[in-house]
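Enquirer: Here you go, one structure.
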Amino acid sequence: MSYHYLKSARKVMCIGRNYAAHIKELNNATPKQPFFFLKPTSSIITPIDRDNARKSLPGNSSYHGLSEDGTNPSPIYIPKGVVVHHEVELALVINKYISNAEASEFGPKQVYDAISGVFLALDLTARNVQDEAKKKGLPWTIAKGFDTFLPCSRLVPREQLVKDRENLQDAFRLSCSVNGTVRQDGTTGLMLHPLHKIIQHISTMITLEPGDIVLTGTPAGVGKLHPGDVIESSLYYHDDKLIDMTFDCEERPGPYFFRET
Ligand SMILES: O=C([O-])CC(=O)C(=O)O
Ligand SMILES: [Mg+2]
């Protein structure tokens with residue numbers, strides 16, 4: 001299984017501002033309703049490690065599809081002139097069509113049945129591009145969607161989480177460190193909108209399909225990444241470390257340079 005799940009993702013839905021301390025650190029307002037944005041599947045990368053050599057790409061391209069096994073082993077690319085922030089997040093993989101779910105019928109118990117598993121993701125964000133978009137009322141697409149802006153771990157199948165099948169909300173802790181210094185560390189119990197609310201709310205606007213990915217927001221501690229940095233992230237299930245993933249950062253090849261819109 002491992003990374004095969006990535007080949008089935010037709011969209012990546014992400015909630016914004018789902019942890020109070022992260023809202024505060026960026027001086028954002030707490031939304032009255034949850035809000036969402038998309039990341040393109042072309043931003044997916046997977047770790048380079050013992051089993052997965054860096055994918056060779058044609059010319060100076062920075063994406064050329066996922067491999068047969070779902071991997072796309074790559075460093076994180078920092079586009080020139082862009083302030084890239086790490087946001088460590090718990091991600092869900094949806095396993096069925098979910099459309100117009102009623103709040104009264106979709107509670108914590110329904111989450112386990114709706115997912116094939118979870119994984120660890122980084123919602124990389126071009127913060128200066130996003131700040132400009134926020135100020136000028138422009139879309140966030142580019143701020144969230146550059147190539148390599150969605151590092152993904154292997155899947156943790158839901159069967160490994162079965163003892164919490166009634167309620168997965170408080171089962172996880174996420175952390176990330178850059179060059180050995182811990183930057184983010186938070187538990188999923190701190191979410192403002194819990195997992196069942198996220199899925200239910202999305203389904204009232206955009207139908208979730210089997211294979212779709214849902215990113216559940218980032219805890220506090222977001223910060224900058226530079227070429228040469230090494231970022232390590234971990235996902236814990238109660239006291240057990242389920243996943244560790246490491247990415248190197250490099251300057252992005254190609255002609256892009258951030259200029260004011
Ligand atoms: O860019 C942001 O601050 C919104 C977001 O993705 C998050 O809160 O996880
Ligand atoms: Mg995020």
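The chains in the structure tokens are called A, B, ... from first to last as shown; in each chain the residues are counted from 1, and the ligands are counted from 1 in the order shown.
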Please extract the residues at most 6 Å from ligand 2, counting only C-alpha atoms and all ligand atoms, and provide them as a ChimeraX atom specification, using the chain letters and residue numbers of this document.

Expert: /A:16,87,123,217-218

Enquirer: Create the file for the chosen residues now, containing all heavy atoms and written as a PDB file, in the first residue's frame.

Expert:
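As a result, again31.pdb now contains:
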```pdb
ATOM      1  N   GLY A  16      -8.439  26.055   6.746  1.00  0.00           N
ATOM      2  CA  GLY A  16      -7.525  27.086   7.235  1.00  0.00           C
ATOM      3  C   GLY A  16      -7.933  27.504   8.642  1.00  0.00           C
ATOM      4  O   GLY A  16      -9.103  27.421   9.017  1.00  0.00           O
ATOM      5  N   GLU A  87       3.937  24.114   7.508  1.00  0.00           N
ATOM      6  CA  GLU A  87       2.734  23.902   8.334  1.00  0.00           C
ATOM      7  C   GLU A  87       2.545  22.393   8.431  1.00  0.00           C
ATOM      8  O   GLU A  87       2.161  21.752   7.447  1.00  0.00           O
ATOM      9  CB  GLU A  87       1.493  24.511   7.666  1.00  0.00           C
ATOM     10  CG  GLU A  87       1.506  26.025   7.543  1.00  0.00           C
ATOM     11  CD  GLU A  87       0.159  26.598   7.070  1.00  0.00           C
ATOM     12  OE1 GLU A  87      -0.763  25.803   6.771  1.00  0.00           O
ATOM     13  OE2 GLU A  87       0.049  27.824   7.006  1.00  0.00           O
ATOM     14  N   ASP A 123       1.674  21.380   4.735  1.00  0.00           N
ATOM     15  CA  ASP A 123       0.937  22.324   3.886  1.00  0.00           C
ATOM     16  C   ASP A 123       1.860  23.533   3.676  1.00  0.00           C
ATOM     17  O   ASP A 123       1.702  24.561   4.337  1.00  0.00           O
ATOM     18  CB  ASP A 123      -0.374  22.720   4.585  1.00  0.00           C
ATOM     19  CG  ASP A 123      -1.070  23.877   3.888  1.00  0.00           C
ATOM     20  OD1 ASP A 123      -0.821  24.085   2.688  1.00  0.00           O
ATOM     21  OD2 ASP A 123      -1.861  24.576   4.568  1.00  0.00           O
ATOM     22  N   GLY A 217      -5.456  21.372   9.051  1.00  0.00           N
ATOM     23  CA  GLY A 217      -5.000  22.614   9.664  1.00  0.00           C
ATOM     24  C   GLY A 217      -3.731  22.420  10.484  1.00  0.00           C
ATOM     25  O   GLY A 217      -3.380  21.293  10.854  1.00  0.00           O
ATOM     26  N   THR A 218      -3.066  23.543  10.753  1.00  0.00           N
ATOM     27  CA  THR A 218      -1.757  23.457  11.415  1.00  0.00           C
ATOM     28  C   THR A 218      -1.783  24.067  12.805  1.00  0.00           C
ATOM     29  O   THR A 218      -2.423  25.106  13.019  1.00  0.00           O
ATOM     30  CB  THR A 218      -0.664  24.128  10.554  1.00  0.00           C
ATOM     31  OG1 THR A 218       0.619  23.700  11.020  1.00  0.00           O
ATOM     32  CG2 THR A 218      -0.710  25.655  10.612  1.00  0.00           C
TER      33      THR A 218
END
```

Enquirer: Please provide the set of residues having any atom within 7 Å of stretch 68-74 of chain A, restricted to only C-alpha atoms, with same-chain residues fewer than 5 positions apart removed, written as a list in words.

Expert: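 Listing them by chain and then by number gives Tyr3, His4, Tyr5, Leu6, Lys7, Ile45, Thr46, Pro47, Ile48, Asn52, Ala53, Arg54 and Lys55 of chain A.
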
Enquirer: Which residues are near A:Val12? Cut-off 9 Å, only C-alpha atoms, ignore same chain within fewer than 6 positions. Put them as a PyMOL selection string.

Expert: chain A and resi 37-41+212-215

Enquirer: Would you mind listing what lies within 8 Å of A:Arg127 as a short mmCIF file (atom, residue, chain, number, x, y, z; two decimals) with N, CA, C and O atoms, in the first residue's frame, with only C-alpha atoms counted and same-chain residues fewer than 5 positions away left out?

Expert:
```cif
data_model
loop_
_atom_site.label_atom_id
_atom_site.label_comp_id
_atom_site.auth_asym_id
_atom_site.auth_seq_id
_atom_site.Cartn_x
_atom_site.Cartn_y
_atom_site.Cartn_z
N VAL A 82 10.48 33.96 -2.65
CA VAL A 82 9.30 33.52 -1.90
C VAL A 82 9.68 33.16 -0.46
O VAL A 82 10.67 32.48 -0.23
N VAL A 83 8.85 33.61 0.49
CA VAL A 83 9.00 33.22 1.89
C VAL A 83 8.15 31.98 2.11
O VAL A 83 6.92 32.05 2.14
N VAL A 84 8.81 30.82 2.21
CA VAL A 84 8.08 29.55 2.37
C VAL A 84 7.97 29.21 3.85
O VAL A 84 8.98 29.20 4.55
N HIS A 85 6.75 28.96 4.30
CA HIS A 85 6.51 28.53 5.68
C HIS A 85 6.13 27.06 5.71
O HIS A 85 5.37 26.59 4.86
N ALA A 143 -0.12 30.67 -3.71
CA ALA A 143 0.52 30.65 -2.38
C ALA A 143 0.57 29.23 -1.81
O ALA A 143 1.48 28.87 -1.07
#
```

Enquirer: Counting only C-alpha atoms and all ligand atoms, what are the residues of chain A within 10 Å of ligand 1, and for each of them which pair of atoms is the nearest and at what distance in Å, to one decimal? Sort the table by chain and rising number, as JSON lines.

Expert:
```
{"residue": "A:Cys14", "atom": "CA", "partner": "ligand 1", "partner_atom_place_in_ligand_line": "6 (O)", "distance": 6.8}
{"residue": "A:Ile15", "atom": "CA", "partner": "ligand 1", "partner_atom_place_in_ligand_line": "9 (O)", "distance": 6.3}
{"residue": "A:Gly16", "atom": "CA", "partner": "ligand 1", "partner_atom_place_in_ligand_line": "5 (C)", "distance": 3.8}
{"residue": "A:Arg17", "atom": "CA", "partner": "ligand 1", "partner_atom_place_in_ligand_line": "8 (O)", "distance": 3.5}
{"residue": "A:Asn18", "atom": "CA", "partner": "ligand 1", "partner_atom_place_in_ligand_line": "8 (O)", "distance": 5.6}
{"residue": "A:Tyr19", "atom": "CA", "partner": "ligand 1", "partner_atom_place_in_ligand_line": "8 (O)", "distance": 6.9}
{"residue": "A:Ala20", "atom": "CA", "partner": "ligand 1", "partner_atom_place_in_ligand_line": "8 (O)", "distance": 9.2}
{"residue": "A:Ala21", "atom": "CA", "partner": "ligand 1", "partner_atom_place_in_ligand_line": "8 (O)", "distance": 9.9}
{"residue": "A:His22", "atom": "CA", "partner": "ligand 1", "partner_atom_place_in_ligand_line": "8 (O)", "distance": 6.6}
{"residue": "A:Ile23", "atom": "CA", "partner": "ligand 1", "partner_atom_place_in_ligand_line": "8 (O)", "distance": 7.0}
{"residue": "A:Glu25", "atom": "CA", "partner": "ligand 1", "partner_atom_place_in_ligand_line": "3 (O)", "distance": 9.4}
{"residue": "A:Leu26", "atom": "CA", "partner": "ligand 1", "partner_atom_place_in_ligand_line": "3 (O)", "distance": 7.2}
{"residue": "A:Asn27", "atom": "CA", "partner": "ligand 1", "partner_atom_place_in_ligand_line": "3 (O)", "distance": 9.9}
{"residue": "A:Asn28", "atom": "CA", "partner": "ligand 1", "partner_atom_place_in_ligand_line": "3 (O)", "distance": 8.2}
{"residue": "A:Phe35", "atom": "CA", "partner": "ligand 1", "partner_atom_place_in_ligand_line": "4 (C)", "distance": 9.2}
{"residue": "A:Phe36", "atom": "CA", "partner": "ligand 1", "partner_atom_place_in_ligand_line": "6 (O)", "distance": 8.5}
{"residue": "A:Phe37", "atom": "CA", "partner": "ligand 1", "partner_atom_place_in_ligand_line": "6 (O)", "distance": 8.1}
{"residue": "A:Leu38", "atom": "CA", "partner": "ligand 1", "partner_atom_place_in_ligand_line": "6 (O)", "distance": 9.9}
{"residue": "A:His85", "atom": "CA", "partner": "ligand 1", "partner_atom_place_in_ligand_line": "1 (O)", "distance": 8.8}
{"residue": "A:His86", "atom": "CA", "partner": "ligand 1", "partner_atom_place_in_ligand_line": "1 (O)", "distance": 9.6}
{"residue": "A:Glu87", "atom": "CA", "partner": "ligand 1", "partner_atom_place_in_ligand_line": "9 (O)", "distance": 6.3}
{"residue": "A:Val88", "atom": "CA", "partner": "ligand 1", "partner_atom_place_in_ligand_line": "9 (O)", "distance": 8.1}
{"residue": "A:Glu89", "atom": "CA", "partner": "ligand 1", "partner_atom_place_in_ligand_line": "9 (O)", "distance": 7.3}
{"residue": "A:Leu122", "atom": "CA", "partner": "ligand 1", "partner_atom_place_in_ligand_line": "9 (O)", "distance": 9.4}
{"residue": "A:Asp123", "atom": "CA", "partner": "ligand 1", "partner_atom_place_in_ligand_line": "6 (O)", "distance": 6.4}
{"residue": "A:Leu124", "atom": "CA", "partner": "ligand 1", "partner_atom_place_in_ligand_line": "6 (O)", "distance": 8.3}
{"residue": "A:Thr125", "atom": "CA", "partner": "ligand 1", "partner_atom_place_in_ligand_line": "1 (O)", "distance": 6.2}
{"residue": "A:Ala126", "atom": "CA", "partner": "ligand 1", "partner_atom_place_in_ligand_line": "1 (O)", "distance": 8.6}
{"residue": "A:Arg127", "atom": "CA", "partner": "ligand 1", "partner_atom_place_in_ligand_line": "1 (O)", "distance": 7.5}
{"residue": "A:Gln130", "atom": "CA", "partner": "ligand 1", "partner_atom_place_in_ligand_line": "1 (O)", "distance": 7.5}
{"residue": "A:Asp131", "atom": "CA", "partner": "ligand 1", "partner_atom_place_in_ligand_line": "1 (O)", "distance": 9.4}
{"residue": "A:Trp140", "atom": "CA", "partner": "ligand 1", "partner_atom_place_in_ligand_line": "1 (O)", "distance": 8.8}
{"residue": "A:Ala143", "atom": "CA", "partner": "ligand 1", "partner_atom_place_in_ligand_line": "1 (O)", "distance": 8.5}
{"residue": "A:Lys144", "atom": "CA", "partner": "ligand 1", "partner_atom_place_in_ligand_line": "1 (O)", "distance": 7.8}
{"residue": "A:Leu215", "atom": "CA", "partner": "ligand 1", "partner_atom_place_in_ligand_line": "9 (O)", "distance": 8.0}
{"residue": "A:Thr216", "atom": "CA", "partner": "ligand 1", "partner_atom_place_in_ligand_line": "9 (O)", "distance": 7.1}
{"residue": "A:Gly217", "atom": "CA", "partner": "ligand 1", "partner_atom_place_in_ligand_line": "9 (O)", "distance": 3.6}
{"residue": "A:Thr218", "atom": "CA", "partner": "ligand 1", "partner_atom_place_in_ligand_line": "9 (O)", "distance": 4.0}
{"residue": "A:Pro219", "atom": "CA", "partner": "ligand 1", "partner_atom_place_in_ligand_line": "9 (O)", "distance": 7.3}
{"residue": "A:Ala220", "atom": "CA", "partner": "ligand 1", "partner_atom_place_in_ligand_line": "8 (O)", "distance": 8.8}
{"residue": "A:Val222", "atom": "CA", "partner": "ligand 1", "partner_atom_place_in_ligand_line": "3 (O)", "distance": 8.7}
```

Enquirer: Would you pick out the contacts of A:Cys249 at 8 Å or less, using only C-alpha atoms, so that residues sharing its chain but fewer than 5 positions from it are not included, and give the list as a list in words?

Expert: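 Listed by chain and then number, they are Pro75, Ile76, Tyr77, Ile78, Leu225, His226, Pro227, Gly228, Asp229, Val230 and Ile231 of chain A.
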
Enquirer: If you keep all heavy atoms, can you produce a file of those selected residues as a PDB file, in the first residue's frame?

Expert:
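Below is the file that was written, part_8.pdb:
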```pdb
ATOM      1  N   PRO A  75      13.218  16.787  -3.172  1.00  0.00           N
ATOM      2  CA  PRO A  75      13.394  17.796  -2.124  1.00  0.00           C
ATOM      3  C   PRO A  75      12.258  18.813  -2.217  1.00  0.00           C
ATOM      4  O   PRO A  75      11.495  18.814  -3.192  1.00  0.00           O
ATOM      5  CB  PRO A  75      14.733  18.448  -2.473  1.00  0.00           C
ATOM      6  CG  PRO A  75      14.915  18.217  -3.933  1.00  0.00           C
ATOM      7  CD  PRO A  75      14.153  16.975  -4.295  1.00  0.00           C
ATOM      8  N   ILE A  76      12.168  19.665  -1.222  1.00  0.00           N
ATOM      9  CA  ILE A  76      11.252  20.811  -1.253  1.00  0.00           C
ATOM     10  C   ILE A  76      11.937  21.913  -2.043  1.00  0.00           C
ATOM     11  O   ILE A  76      13.116  22.218  -1.803  1.00  0.00           O
ATOM     12  CB  ILE A  76      10.970  21.292   0.191  1.00  0.00           C
ATOM     13  CG1 ILE A  76      10.106  20.263   0.940  1.00  0.00           C
ATOM     14  CG2 ILE A  76      10.321  22.676   0.194  1.00  0.00           C
ATOM     15  CD1 ILE A  76      10.068  20.482   2.445  1.00  0.00           C
ATOM     16  N   TYR A  77      11.224  22.500  -3.004  1.00  0.00           N
ATOM     17  CA  TYR A  77      11.793  23.614  -3.765  1.00  0.00           C
ATOM     18  C   TYR A  77      11.317  24.955  -3.207  1.00  0.00           C
ATOM     19  O   TYR A  77      10.117  25.180  -3.048  1.00  0.00           O
ATOM     20  CB  TYR A  77      11.385  23.518  -5.233  1.00  0.00           C
ATOM     21  CG  TYR A  77      12.180  22.507  -6.026  1.00  0.00           C
ATOM     22  CD1 TYR A  77      11.563  21.707  -6.979  1.00  0.00           C
ATOM     23  CD2 TYR A  77      13.559  22.374  -5.838  1.00  0.00           C
ATOM     24  CE1 TYR A  77      12.296  20.786  -7.721  1.00  0.00           C
ATOM     25  CE2 TYR A  77      14.292  21.460  -6.569  1.00  0.00           C
ATOM     26  CZ  TYR A  77      13.660  20.667  -7.506  1.00  0.00           C
ATOM     27  OH  TYR A  77      14.384  19.766  -8.234  1.00  0.00           O
ATOM     28  N   ILE A  78      12.273  25.834  -2.942  1.00  0.00           N
ATOM     29  CA  ILE A  78      11.959  27.184  -2.469  1.00  0.00           C
ATOM     30  C   ILE A  78      12.020  28.105  -3.699  1.00  0.00           C
ATOM     31  O   ILE A  78      13.113  28.355  -4.237  1.00  0.00           O
ATOM     32  CB  ILE A  78      13.003  27.667  -1.426  1.00  0.00           C
ATOM     33  CG1 ILE A  78      13.237  26.613  -0.319  1.00  0.00           C
ATOM     34  CG2 ILE A  78      12.605  29.026  -0.855  1.00  0.00           C
ATOM     35  CD1 ILE A  78      12.063  26.348   0.591  1.00  0.00           C
ATOM     36  N   LEU A 225      11.401  28.371   5.762  1.00  0.00           N
ATOM     37  CA  LEU A 225      12.344  27.373   5.232  1.00  0.00           C
ATOM     38  C   LEU A 225      13.237  28.039   4.198  1.00  0.00           C
ATOM     39  O   LEU A 225      12.750  28.842   3.391  1.00  0.00           O
ATOM     40  CB  LEU A 225      11.581  26.224   4.568  1.00  0.00           C
ATOM     41  CG  LEU A 225      10.775  25.297   5.475  1.00  0.00           C
ATOM     42  CD1 LEU A 225       9.971  24.310   4.634  1.00  0.00           C
ATOM     43  CD2 LEU A 225      11.701  24.556   6.445  1.00  0.00           C
ATOM     44  N   HIS A 226      14.523  27.705   4.216  1.00  0.00           N
ATOM     45  CA  HIS A 226      15.485  28.248   3.257  1.00  0.00           C
ATOM     46  C   HIS A 226      16.183  27.109   2.525  1.00  0.00           C
ATOM     47  O   HIS A 226      16.288  26.003   3.067  1.00  0.00           O
ATOM     48  CB  HIS A 226      16.560  29.071   3.987  1.00  0.00           C
ATOM     49  CG  HIS A 226      16.007  30.179   4.823  1.00  0.00           C
ATOM     50  ND1 HIS A 226      15.737  30.013   6.168  1.00  0.00           N
ATOM     51  CD2 HIS A 226      15.662  31.438   4.506  1.00  0.00           C
ATOM     52  CE1 HIS A 226      15.249  31.150   6.652  1.00  0.00           C
ATOM     53  NE2 HIS A 226      15.188  32.028   5.665  1.00  0.00           N
ATOM     54  N   PRO A 227      16.715  27.371   1.321  1.00  0.00           N
ATOM     55  CA  PRO A 227      17.534  26.354   0.656  1.00  0.00           C
ATOM     56  C   PRO A 227      18.647  25.912   1.614  1.00  0.00           C
ATOM     57  O   PRO A 227      19.249  26.751   2.296  1.00  0.00           O
ATOM     58  CB  PRO A 227      18.110  27.093  -0.567  1.00  0.00           C
ATOM     59  CG  PRO A 227      17.114  28.186  -0.844  1.00  0.00           C
ATOM     60  CD  PRO A 227      16.592  28.613   0.513  1.00  0.00           C
ATOM     61  N   GLY A 228      18.890  24.599   1.701  1.00  0.00           N
ATOM     62  CA  GLY A 228      19.905  24.073   2.626  1.00  0.00           C
ATOM     63  C   GLY A 228      19.319  23.574   3.937  1.00  0.00           C
ATOM     64  O   GLY A 228      19.966  22.811   4.652  1.00  0.00           O
ATOM     65  N   ASP A 229      18.091  23.999   4.273  1.00  0.00           N
ATOM     66  CA  ASP A 229      17.455  23.525   5.511  1.00  0.00           C
ATOM     67  C   ASP A 229      17.027  22.065   5.376  1.00  0.00           C
ATOM     68  O   ASP A 229      16.743  21.591   4.268  1.00  0.00           O
ATOM     69  CB  ASP A 229      16.199  24.358   5.841  1.00  0.00           C
ATOM     70  CG  ASP A 229      16.544  25.741   6.394  1.00  0.00           C
ATOM     71  OD1 ASP A 229      17.717  25.977   6.738  1.00  0.00           O
ATOM     72  OD2 ASP A 229      15.612  26.582   6.470  1.00  0.00           O
ATOM     73  N   VAL A 230      16.960  21.404   6.532  1.00  0.00           N
ATOM     74  CA  VAL A 230      16.425  20.036   6.594  1.00  0.00           C
ATOM     75  C   VAL A 230      15.238  20.061   7.552  1.00  0.00           C
ATOM     76  O   VAL A 230      15.370  20.518   8.688  1.00  0.00           O
ATOM     77  CB  VAL A 230      17.488  19.040   7.113  1.00  0.00           C
ATOM     78  CG1 VAL A 230      16.904  17.638   7.196  1.00  0.00           C
ATOM     79  CG2 VAL A 230      18.723  19.068   6.211  1.00  0.00           C
ATOM     80  N   ILE A 231      14.086  19.612   7.071  1.00  0.00           N
ATOM     81  CA  ILE A 231      12.887  19.608   7.919  1.00  0.00           C
ATOM     82  C   ILE A 231      12.462  18.171   8.209  1.00  0.00           C
ATOM     83  O   ILE A 231      12.351  17.355   7.301  1.00  0.00           O
ATOM     84  CB  ILE A 231      11.736  20.444   7.299  1.00  0.00           C
ATOM     85  CG1 ILE A 231      10.490  20.385   8.196  1.00  0.00           C
ATOM     86  CG2 ILE A 231      11.410  20.040   5.872  1.00  0.00           C
ATOM     87  CD1 ILE A 231       9.436  21.429   7.869  1.00  0.00           C
TER      88      ILE A 231
END
```

Enquirer: Report as a list in words all protein, DNA and RNA residues lying within 10 Å of A:Leu235, evaluated on only C-alpha atoms, omitting residues in the same chain fewer than 5 positions from it.

Expert: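 Residues meeting the cut-off are Val88, Glu89, Leu90, Val118, Phe119, Leu120, Ala121, Ser153, Phe172, Arg173, Leu174, Ser175, Cys176, Asp185, Thr187, Asp240, Lys241, Leu242, Ile243, Asp244 and Met245 of chain A.
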
Enquirer: Pick out the closest residue to A:Ile98 from this set: A:His196, A:His238, A:Arg259, A:Lys224. Count only C-alpha atoms.

Expert: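 Nearest to A:Ile98: A:His196.
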
Enquirer: Of the candidates A:Pro253, A:Pro139, A:Pro210, A:Gly221, which shows the shortest atom-to-atom distance to A:Ser99, using only C-alpha atoms?

Expert: A:Pro210

Enquirer: Could you pull out all residues of stretch 43-232 of chain A with a DSSP call of alpha helix (DSSP H) and give them as an NGL selection string?

Expert: :A and (109-114 or 127-136 or 141-145 or 195-203)

Enquirer: DSSP on the backbone: what in stretch 24-258 of chain A comes out strand (DSSP E or B), as number ranges by chain?

Expert: A: 35-39, 44-46, 49, 52, 73, 76-78, 80, 84-86, 88-94, 98, 115-122, 125-126, 150-152, 156-157, 172-178, 181-187, 191, 208, 213-215, 223-225, 230-237, 240-251, 257

Enquirer: Could you list, as an MDAnalysis selection string, every residue within 6 Å of stretch 160-167 of chain A, counting only C-alpha atoms and ignoring same-chain residues fewer than 4 positions away?

Expert: chainID A and resid 108:109 112

Enquirer: For the residues in the current selection, export N, CA and C atoms as an mmCIF file, in the first residue's frame.

Expert:
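again-v7.cif, freshly written:
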```
data_model
loop_
_atom_site.group_PDB
_atom_site.id
_atom_site.type_symbol
_atom_site.label_atom_id
_atom_site.label_comp_id
_atom_site.auth_asym_id
_atom_site.auth_seq_id
_atom_site.Cartn_x
_atom_site.Cartn_y
_atom_site.Cartn_z
ATOM 1 N N PRO A 108 -18.398 12.039 15.539
ATOM 2 C CA PRO A 108 -17.046 11.469 15.660
ATOM 3 C C PRO A 108 -16.974 9.999 15.227
ATOM 4 N N LYS A 109 -18.049 9.247 15.492
ATOM 5 C CA LYS A 109 -18.053 7.811 15.149
ATOM 6 C C LYS A 109 -18.002 7.562 13.652
ATOM 7 N N TYR A 112 -14.096 7.207 11.285
ATOM 8 C CA TYR A 112 -13.362 5.958 10.975
ATOM 9 C C TYR A 112 -13.929 5.281 9.735
#
```

Enquirer: Counting only C-alpha atoms, which of A:Pro157, A:Gly81, A:Gly107, A:Gly186 gets nearest to A:Phe258?

Expert: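 Residue with the minimum atom-to-atom distance to A:Phe258: A:Gly81.
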
Enquirer: Identify which of the residues A:Gly65, A:Ile115, A:Ile202, A:Lys80 lies closest to A:Val156, counting only C-alpha atoms when measuring atom-to-atom distances.

Expert: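 Using only C-alpha atoms, A:Val156 sits closest to A:Ile115.
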